[in-house]
Each structure stands twice: as C-alpha cells, then as structure tokens.
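Structure record follows, encoded as structure tokens.
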Amino acid sequence: MHPRNATLVAFCDAEAGQGRSRRISTHLEKCEECRRRLRRIRSEKDQLSAGATEAAMDSRQGLTAVLSAIGAWRNSRNSAGASQLTRRLRREIETYFGSPAVVALERPGMRSEELLGQASAMFDVFLGEEAAEAVRDQLLSGLAEARPLEETCR
Amino acid sequence: MTHKIDLGGIESAPRWILTFLGAYLAVDLLVLYLWNAAGQAFPMQASGDSSPSLSVTAMACVDLWLCLVVLRSFRAGAPLRPAWMLITLAAGARAASGIFAPLLGANWLLNPLVWSGHADPGLLDAIRYAALFTGGPVALVLLAAAMLAGLRILRKYGFWARPHAADWALCAVVCLFVVCRFVEAGAASLAGRQIAAEDWIALAGLPVLCVLILEAALLRQSVARMGNGLISQCWAAFMYGIFLTGFGELALWVVPHYTRTWPMATVESLLRCATAAVFALAPACQVAAQRRATKPAGSQPADLATGVPALAR
C-alpha cells in the first residue's frame, strides 16, 4: 500500500517516527512511483525554502515597515470606529432619552460595544423591537461599510 | 432665518395636538375675557351634566387611536407591552365614556334608544352612570396600574429616584383634598341632603387619584433622570396629565367655595380638554420617537469610510 503525500512529507522532514520511517524506506526500495513522488516533494520543498529565504533577505526592512504601517492603520481605524460609534450612541441616547441618561448609562472607561449593548436593550424596551432595530442599523451603518475595506487591506 | 415646521404624517401628532390645545385655550380665554368685559351680561353655555364635551371626547378618541398605534409596535412579551395595554384600555375607557354618556345616556334625538322607543329614563340614567364610571374611576384605576408597570420598567433601567419633600407635600395636599371631599359628602349625607350619583362617581375616583399623584411624583423623578428626549417627553406627558387631573379636581372644588361668579362649567370644560390633550400627547410623543427611528435614511450620520486612506480603499 502506497504511503500518502502527507506521510511522505513527514518522512522527508524526518518527522515520521522510527518505525514508520523504516517501513517507508523498505517500501521506497521496491516502489518506483513512490520514489518519484518523494523526489517531487523534495524538489518543491527546496524551491519553496529557496524562494522564502530570498524574499526575506531582499525585503525584510520593507516588509517590516509595511506590516507596522498596516498595524498602525488598523489600530487607528479600530479606535476611530469605536469613538465614532460612541459618539453616535451618545447622540441617539440623548435624542430618545436625554443628556442625563447618557451620563447615567456611560461609565468611565466603558467600551463602545458595552455601551451599544446597554443602549440596544433600552431601545428595545422603550421603542419597541422594530424601531430599536432601525436605530441599531443607523448606528452601525457606516461602521459596517468600513469592515470589508479593512479586510481587503489584510 | 425661517424654520419650516413639518406637520405631515403621524409623527407630527404632538404638534397637531399642541396647536389644537393652544387654539382651544386661546378661544376659550378670549370668550371668558369678552364675557367678563361685557359685565357678565350674557349667560355662558355649557352642558353642565358632567358629560364630557365634544372636544374632550374627540381628544380621547385621538388618544385611543395613538395608543393603539403604539401598542401594535410592542410585540407580545415586550416588557412595556402590559403598561401600554393598560394605557390603551384607560384611553378606551375615556373615549367610550365620552361617546356613550352623551349619545346613549341622554334623552335627545340622535339617541337610538329614543328612536326605538326604549328610552326609559331609568335605563338612560343607568347607561349614563355606567359611562361616567367607566370614564372616571375605571380609567383612573387602569392608568394607575399602567403607571405602576411603567415605573417598574423605568426602575429596572436605572431611571429611578426617591420622591423629594416637595413630592410628598404635593401628595399630602391631594390626600387632604380627598379627605375634605369625603368629609363634605358625608356631612351633607348626614344632614339629609341628597348627593347626586355623578358626585358619588367622582368621589369613587379620588382615592385612586392620590395613588396617581404619588406615581406622577415618581415619574417626575424618573423623567428628570432621563432628560428631555422623545421617550422622556412621552412619560413627562403622562406625569403632566396626572398632575393636571389632580389640579383640575382641586380647582373645581375650591373655586366655588370662594366665588360664585365664575362660569364653572366653562372652566371645567377647559380643564378637561387640556387634560385630555396632555394625555393624548404621551402616545403622540412615543409614536414620534418610533417614526423618527424607522424613518428612511435621509439624515444618516457621516460615512466612516471617508476617513479611510485612499491606498487602503
């Protein structure tokens, strides 16, 4: 019975274990097809290793810079989105309940998601489900559009 | 700079009600002024039989319709649905009383019982008393239960504060007024004077009024903790409606003790209409809040994507 590709890859990386490696070696001596598959795996592995090293050698600094730029952009996007959501929530709570309600609801250091959860529950109770759903849609409309953009950047 | 006031759609109901109330008060006060300026030379017309006037009945019907709209928006199991159900029933009781007391409870041409020859005076009186009882004590009990349910929800969401000394003082004044009314009625009864059934019906609702005033005081604290938003305005309208009911009862009892020259029937009609309008404002504000939420996106907040760098787009 021929070993699977994954087993041959493990054999190639010396990760197949002693007993299995011995059995594969015995099989390879008799099986031309498996020897051909092993050669192909080894050559692809060599190509990949060579390419990765070359890329890392060539563009290490540039890649680091790009990654850190993406990280910084994502962080700023997340915090900007959170603060935008908090601002919107405050405005909606003020519109439907009033400014003291914002003060009563919002605790120092409260995350925008928590505030959204509490405000949503209040909108559900006092406005009814349909209206509360509409308020939530309005609150998240711009934020929802921004997410795919963030993902395309990854 | 001019502001265009939108009066289209059900979301403009609060504006319509306030406009109607303002016009009604202005006309009534003008008539009272003219009447006084003319040296009270002509008599002021009023029904005088405790039946709600047409304006009060119309406002009660508007109130009921708006309450039904609000009630439909709260699905079964929603925490505020029981409160709105009771509020709707109270509004229905007021509207039914306003329609049936003068229509079926009076001996007049448009009464179907008169047409069909069943206009027995006893039956007409019974219908009228039943209608007055429904629009009085029954509506007040339903409203008190509704406010209790509403206050429980407000408390659950942190909009709760203990009544202040002023609130207790107000409750004490209303309780004292109620005691005075009962003592007066008891004394009159003991003296052998006959007390009209309408007065007994009015008396029956007064203890509930004490409870309602206490609830209104609690509502005042809750609304103060909320602010001046659209939903707060709804609950504030209930609070003002209850206070106005109490004030109306007090004024209608106190004023005749000091002056006999005031046209009390007109003053009563004015007070009742103002109260009915303020009660109708409550569901109107709720509807306005709900319609604002479900309005198509015309005034949506700025798009966040505008802040995304061009490279990332």
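Letters A, B, ... go to the chains of the structure tokens in the order shown; residues in each chain start at 1; ligands are counted from 1 in the same order.
The neighbours of Asn5 (chain A) here are the residues that come within 9 Å of it, using only C-alpha atoms and leaving out any residue fewer than 6 positions away in the same chain; they are Arg37, Leu38 and Ile41 of chain A.
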Put those residues in a file: N, CA and C atoms, as a PDB file, in the first residue's frame.
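Output contents, as saved in part-v3.pdb:
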ATOM      1  N   ARG A  37       7.357  10.342  -6.421  1.00  0.00           N
ATOM      2  CA  ARG A  37       6.576  11.302  -5.621  1.00  0.00           C
ATOM      3  C   ARG A  37       7.464  11.958  -4.571  1.00  0.00           C
ATOM      4  N   LEU A  38       8.346  11.194  -3.964  1.00  0.00           N
ATOM      5  CA  LEU A  38       9.246  11.737  -2.938  1.00  0.00           C
ATOM      6  C   LEU A  38      10.212  12.750  -3.545  1.00  0.00           C
ATOM      7  N   ILE A  41       8.322  15.971  -4.096  1.00  0.00           N
ATOM      8  CA  ILE A  41       8.102  16.680  -2.812  1.00  0.00           C
ATOM      9  C   ILE A  41       9.375  17.391  -2.385  1.00  0.00           C
TER      10      ILE A  41
END
**Report entry** Polymer residues at most 12 Å from Glu113 (chain A), only C-alpha atoms, same-chain spacing of 2 or more positions, as an NGL selection string
**Finding:** :A and (78-79 or 81-86 or 89 or 106 or 109-111 or 115-120 or 139-140)
Could you write out that same residue set with C-alpha atoms as a CSV table (one decimal), in the first residue's frame?
chain,number,residue,atom,x,y,z
A,78,ASN,CA,-10.5,50.5,15.2
A,79,SER,CA,-10.2,53.3,17.7
A,81,GLY,CA,-14.6,53.4,14.6
A,82,ALA,CA,-15.1,52.9,18.3
A,83,SER,CA,-15.1,56.5,19.2
A,84,GLN,CA,-17.4,57.2,16.2
A,85,LEU,CA,-19.8,54.5,17.5
A,86,THR,CA,-19.6,56.0,21.0
A,89,LEU,CA,-24.6,56.2,20.7
A,106,GLU,CA,-21.9,55.5,30.4
A,109,GLY,CA,-13.6,53.5,30.5
A,110,MET,CA,-16.6,51.8,29.1
A,111,ARG,CA,-16.0,50.2,25.7
A,115,LEU,CA,-22.5,50.9,25.6
A,116,LEU,CA,-24.0,49.6,22.5
A,117,GLY,CA,-25.3,46.6,24.3
A,118,GLN,CA,-26.9,48.6,27.1
A,119,ALA,CA,-28.3,51.2,24.8
A,120,SER,CA,-29.7,48.5,22.5
A,139,LEU,CA,-25.8,53.4,14.4
A,140,LEU,CA,-23.8,50.7,12.6
Query - Neighbour list for Arg136 (chain A) as a PyMOL selection string, cut-off 12 Å, only C-alpha atoms, skip fewer than 2 positions in-chain - result: (chain A and resi 85+88-89+92-93+116-124+127+129-134+138-144) or (chain B and resi 293-294)
Report summary line: Of B:Val70, B:Leu244, B:Trp253, B:Leu154, the one sitting nearest Glu184 (chain B) when using only C-alpha atoms is B:Trp253
